[in-house]
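**Student:** File model-v4.txt below, compact mmCIF, C-alpha atoms:
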# COMPACT_ATOMS: atom_id res chain seq x y z
CA MET A 1 -3.56 4.70 5.05
CA LYS A 2 -2.49 2.91 1.91
CA ASP A 3 1.19 2.70 1.02
CA LEU A 4 2.52 3.66 -2.37
CA VAL A 5 3.57 0.41 -4.02
CA TRP A 6 6.32 0.21 -6.58
CA ASP A 7 5.28 -2.20 -9.32
CA LYS A 8 5.80 -2.67 -13.05
CA THR A 9 3.52 0.31 -13.71
CA LEU A 10 6.29 2.52 -12.30
CA SER A 11 9.10 0.68 -14.09
CA VAL A 12 11.02 2.69 -16.67
CA ASP A 13 12.72 -0.52 -17.87
CA VAL A 14 16.17 0.67 -16.80
CA PRO A 15 17.10 -1.48 -13.79
CA GLU A 16 19.41 1.04 -12.11
CA ILE A 17 16.78 3.80 -12.31
CA ASP A 18 14.03 1.43 -11.15
CA GLU A 19 16.18 0.54 -8.14
CA ASP A 20 16.48 4.24 -7.24
CA HIS A 21 12.74 4.71 -7.61
CA ARG A 22 12.02 1.75 -5.32
CA ARG A 23 14.16 3.38 -2.63
CA LEU A 24 12.36 6.69 -3.03
CA VAL A 25 8.97 4.96 -2.74
CA ASP A 26 10.14 3.21 0.46
CA LEU A 27 11.30 6.50 1.97
CA TYR A 28 8.06 8.21 0.98
CA ASN A 29 6.06 5.48 2.75
CA LEU A 30 8.19 5.81 5.90
CA LEU A 31 7.63 9.57 5.93
CA LYS A 32 3.90 9.22 5.29
CA HIS A 33 3.55 6.82 8.24
CA ALA A 34 5.73 8.97 10.49
CA VAL A 35 3.53 12.02 9.87
CA ALA A 36 0.28 10.04 10.25
CA ASP A 37 1.50 8.41 13.47
CA GLY A 38 2.61 11.71 14.99
CA GLU A 39 6.25 10.70 15.26
CA PRO A 40 8.66 13.22 16.82
CA LYS A 41 9.71 16.17 14.67
CA ASP A 42 13.39 15.15 14.77
CA TYR A 43 12.51 11.74 13.28
CA ILE A 44 10.36 13.39 10.60
CA ALA A 45 13.21 15.82 9.94
CA ALA A 46 15.66 12.94 9.48
CA LEU A 47 13.32 11.12 7.10
CA THR A 48 12.63 14.28 5.11
CA GLU A 49 16.33 15.06 4.85
CA GLU A 50 17.07 11.51 3.70
CA LEU A 51 14.28 11.63 1.12
CA ILE A 52 15.52 14.94 -0.29
CA ALA A 53 19.16 13.77 -0.29
CA CYS A 54 18.28 10.48 -2.01
CA THR A 55 16.13 12.33 -4.53
CA ALA A 56 18.95 14.77 -5.31
CA TRP A 57 21.39 11.86 -5.70
CA HIS A 58 18.93 10.04 -7.96
CA PHE A 59 18.47 13.15 -10.11
CA ARG A 60 22.25 13.48 -10.53
CA HIS A 61 22.33 9.78 -11.45
CA GLU A 62 19.71 10.33 -14.16
CA GLU A 63 21.50 13.45 -15.39
CA ARG A 64 24.78 11.54 -15.67
CA LEU A 65 23.02 8.92 -17.81
CA MET A 66 21.43 11.67 -19.92
CA LEU A 67 24.88 13.14 -20.56
CA LYS A 68 26.48 9.80 -21.33
CA TYR A 69 23.79 8.79 -23.81
CA ARG A 70 23.23 12.31 -25.22
CA TYR A 71 19.56 12.63 -24.29
CA ASP A 72 18.00 15.53 -26.22
CA GLY A 73 15.42 16.23 -23.52
CA MET A 74 18.02 16.81 -20.81
CA ALA A 75 17.51 20.57 -20.35
CA ALA A 76 13.77 20.25 -19.69
CA HIS A 77 14.22 17.13 -17.56
CA LYS A 78 16.92 18.79 -15.46
CA ALA A 79 14.74 21.89 -15.00
CA GLU A 80 11.97 19.64 -13.69
CA HIS A 81 14.46 18.06 -11.28
CA GLU A 82 15.37 21.49 -9.91
CA GLU A 83 11.70 22.41 -9.49
CA LEU A 84 10.97 19.15 -7.71
CA ILE A 85 13.87 19.58 -5.28
CA ASP A 86 12.64 23.12 -4.50
CA SER A 87 9.13 21.74 -3.86
CA GLY A 88 10.58 19.06 -1.59
CA LYS A 89 12.45 21.66 0.44
CA GLU A 90 9.28 23.75 0.78
CA LEU A 91 7.42 20.71 2.08
CA GLN A 92 10.31 20.02 4.46
CA GLN A 93 9.91 23.50 5.95
CA LYS A 94 6.18 22.94 6.41
CA LEU A 95 6.75 19.54 8.01
CA LEU A 96 9.16 21.03 10.51
CA ALA A 97 7.33 24.28 11.26
CA PRO A 98 6.56 24.51 14.98
CA GLY A 99 2.94 24.12 16.00
CA LYS A 100 1.67 23.47 12.50
CA PRO A 101 0.34 20.00 11.81
CA VAL A 102 1.00 18.65 8.34
CA SER A 103 -2.12 17.98 6.35
CA GLY A 104 -2.79 14.78 4.46
CA GLU A 105 -3.07 17.01 1.40
CA GLU A 106 0.59 18.04 1.69
CA ILE A 107 1.71 14.42 1.95
CA GLN A 108 -0.58 13.54 -0.96
CA ARG A 109 1.11 16.30 -2.99
CA LEU A 110 4.45 14.62 -2.35
CA GLU A 111 3.06 11.32 -3.66
CA HIS A 112 1.74 13.04 -6.80
CA TRP A 113 5.14 14.71 -7.22
CA LEU A 114 6.97 11.37 -7.04
CA VAL A 115 4.56 9.31 -9.13
CA GLY A 116 3.96 12.10 -11.63
CA HIS A 117 7.67 12.50 -12.33
CA ILE A 118 8.18 8.75 -12.75
CA LEU A 119 5.15 8.30 -15.02
CA GLY A 120 5.94 11.42 -17.02
CA THR A 121 9.44 12.53 -17.89
CA ASP A 122 11.15 9.45 -16.43
CA MET A 123 9.15 7.14 -18.71
CA ASP A 124 10.33 9.13 -21.71
CA LEU A 125 13.92 8.98 -20.47
CA GLY A 126 13.60 5.25 -19.73
CA ALA A 127 12.34 4.51 -23.24
CA TYR A 128 15.29 6.40 -24.71
CA LEU A 129 17.88 4.79 -22.42
CA ALA A 130 16.47 1.30 -22.95
CA GLN A 131 17.29 1.71 -26.66
CA GLU A 132 20.68 3.35 -26.16
CA MET A 133 22.20 1.31 -23.33
Mind converting the file's structure to structure tokens?
**Tutor:**
Amino acid sequence: MKDLVWDKTLSVDVPEIDEDHRRLVDLYNLLKHAVADGEPKDYIAALTEELIACTAWHFRHEERLMLKYRYDGMAAHKAEHEELIDSGKELQQKLLAPGKPVSGEEIQRLEHWLVGHILGTDMDLGAYLAQEM
């Protein structure tokens, strides 16, 4: 199982956002390994909760920066944040459902969710903030 690696490809060129993204990648990798290794449900629950909490904090961080620097794309970006948090909570319920093993496909979806957001709307935000900050 290959870890997700944060590198310059995922950099949005805003150091404080990149730092948040590195933390999210680390948590994702911990969760991926915990599921693959069959770790106890309470450990997986703790990791999932931490990942969702850190993601929500990170989204509020981005939204604060969008407000401060008057980012025109804030409404759409914030809507995506809300959708992603909802998706994360759905995955959390699946991960913790009794007697149901989590598929590699569900974990892969989480990776696509994380990487897709960074490479999509966060890159646009990063380009804007890099000019404004």
**Student:** Hey, what's within 9 Å of Lys41 (chain A) if we count all atoms listed in the file and toss same-chain stuff fewer than 3 positions away? As a PDB file with C-alpha atoms, in the coordinates of the input, please?
**Tutor:**
ATOM      1  CA  VAL A  35       3.530  12.020   9.870  1.00  0.00           C
ATOM      2  CA  GLY A  38       2.610  11.710  14.990  1.00  0.00           C
ATOM      3  CA  ILE A  44      10.360  13.390  10.600  1.00  0.00           C
ATOM      4  CA  ALA A  45      13.210  15.820   9.940  1.00  0.00           C
ATOM      5  CA  ALA A  46      15.660  12.940   9.480  1.00  0.00           C
ATOM      6  CA  LEU A  95       6.750  19.540   8.010  1.00  0.00           C
ATOM      7  CA  LEU A  96       9.160  21.030  10.510  1.00  0.00           C
ATOM      8  CA  PRO A  98       6.560  24.510  14.980  1.00  0.00           C
TER       9      PRO A  98
END
**Student:** Identify which of the residues A:Lys68, A:Trp113, A:His81, A:Gln93 lies closest to Ala56 (chain A), counting all atoms listed in the file when measuring atom-to-atom distances.
**Tutor:**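 Closest residue, counting all atoms listed in the file: A:His81.
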**Student:** From the set A:Leu114, A:Leu129, A:Ile107, A:Ala75, which residue has the shortest atom-to-atom contact distance to Ile17 (chain A), counting only C-alpha atoms?
**Tutor:** A:Leu129
**Student:** Mind giving me the axis-aligned box for region 46-53 of chain A with 4 Å on every side, centre plus edges in Å to one decimal, as lines of an AutoDock Vina configuration file?
**Tutor:**
center_x = 15.9
center_y = 13.1
center_z = 4.6
size_x = 14.5
size_y = 11.9
size_z = 17.8
**Student:** Residues near Ala34 (chain A), anyone? I mean within 10 Å using all atoms listed in the file, not counting same-chain ones fewer than 5 positions away, as a ChimeraX atom specification.
**Tutor:** /A:28-29,39-41,43-44,47
**Student:** So that I can check the surroundings of Val115 (chain A), please list as JSON, numbers by chain every protein, DNA and RNA residue that reaches within 10 Å of it, counting all atoms listed in the file and ignoring chain neighbours fewer than 2 positions away.
**Tutor:** {"A": [4, 6, 10, 21, 25, 109, 110, 111, 112, 113, 117, 118, 119, 120, 122]}
**Student:** Please save C-alpha atoms of the selected residues as a JSON list (two decimals), keeping the file's coordinate frame.
**Tutor:**
[["chain", "number", "residue", "atom", "x", "y", "z"],
["A", 4, "LEU", "CA", 2.52, 3.66, -2.37],
["A", 6, "TRP", "CA", 6.32, 0.21, -6.58],
["A", 10, "LEU", "CA", 6.29, 2.52, -12.30],
["A", 21, "HIS", "CA", 12.74, 4.71, -7.61],
["A", 25, "VAL", "CA", 8.97, 4.96, -2.74],
["A", 109, "ARG", "CA", 1.11, 16.30, -2.99],
["A", 110, "LEU", "CA", 4.45, 14.62, -2.35],
["A", 111, "GLU", "CA", 3.06, 11.32, -3.66],
["A", 112, "HIS", "CA", 1.74, 13.04, -6.80],
["A", 113, "TRP", "CA", 5.14, 14.71, -7.22],
["A", 117, "HIS", "CA", 7.67, 12.50, -12.33],
["A", 118, "ILE", "CA", 8.18, 8.75, -12.75],
["A", 119, "LEU", "CA", 5.15, 8.30, -15.02],
["A", 120, "GLY", "CA", 5.94, 11.42, -17.02],
["A", 122, "ASP", "CA", 11.15, 9.45, -16.43]]
**Student:** To one decimal place in Å, what is the distance between CA of Lys89 (chain A) and CA of Lys8 (chain A)?
**Tutor:** 28.6 Å
**Student:** Please tell me which residues are no farther than 10 Å from (14.3, 11.1, -0.4) in the file, counting only C-alpha atoms, and write them as a ChimeraX atom specification.
**Tutor:** /A:20-21,23-28,31,47-58,85,88,114
**Student:** Which of these, A:Lys94, A:Arg70, A:Arg64, A:His33, has the shortest distance to Lys2 (chain A) once you count all atoms listed in the file?
**Tutor:**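 Selected residue with least distance to Lys2 (chain A): A:His33.
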**Student:** Tell me, in Å to one decimal, how far CA of Met74 (chain A) is from CA of Met123 (chain A).
**Tutor:**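 Separating CA of Met74 (chain A) from CA of Met123 (chain A) is a distance of 13.3 Å.
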**Student:** Grab the CA of Pro15 (chain A) to CA of Asp86 (chain A) distance for me, in Å with one decimal place.
**Tutor:** 26.7 Å
**Student:** Rank A:Glu105, A:Asp42, A:Glu90, A:Asp124 by their smallest atom-to-atom distance to Val14 (chain A), using all atoms listed in the file, and report the top residue only.
**Tutor:**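 Between A:Glu105, A:Asp42, A:Glu90, A:Asp124, the residue approaching Val14 (chain A) most closely is A:Asp124.
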**Student:** Looking at A:Leu91, A:Val5, A:Ala130, A:Leu84, which one is nearest to Gly116 (chain A), with distances taken over only C-alpha atoms?
**Tutor:** A:Leu84
**Student:** Using all atoms listed in the file, which residues sit within 9 Å of Leu125 (chain A) once same-chain residues fewer than 5 positions away are excluded, as a PyMOL selection string?
**Tutor:** chain A and resi 12+62+66+71+73-74+77+130
**Student:** Could those residues be written to a file, using C-alpha atoms, as a PDB file, in the frame of the given file?
**Tutor:**
ATOM      1  CA  VAL A  12      11.020   2.690 -16.670  1.00  0.00           C
ATOM      2  CA  GLU A  62      19.710  10.330 -14.160  1.00  0.00           C
ATOM      3  CA  MET A  66      21.430  11.670 -19.920  1.00  0.00           C
ATOM      4  CA  TYR A  71      19.560  12.630 -24.290  1.00  0.00           C
ATOM      5  CA  GLY A  73      15.420  16.230 -23.520  1.00  0.00           C
ATOM      6  CA  MET A  74      18.020  16.810 -20.810  1.00  0.00           C
ATOM      7  CA  HIS A  77      14.220  17.130 -17.560  1.00  0.00           C
ATOM      8  CA  ALA A 130      16.470   1.300 -22.950  1.00  0.00           C
TER       9      ALA A 130
END
**Student:** Using all atoms listed in the file, which residue out of A:Asp37, A:Asp18, A:Glu80, A:Asp13 lies closest to Thr121 (chain A)?
**Tutor:**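 Smallest separation from Thr121 (chain A) among the options: A:Glu80.
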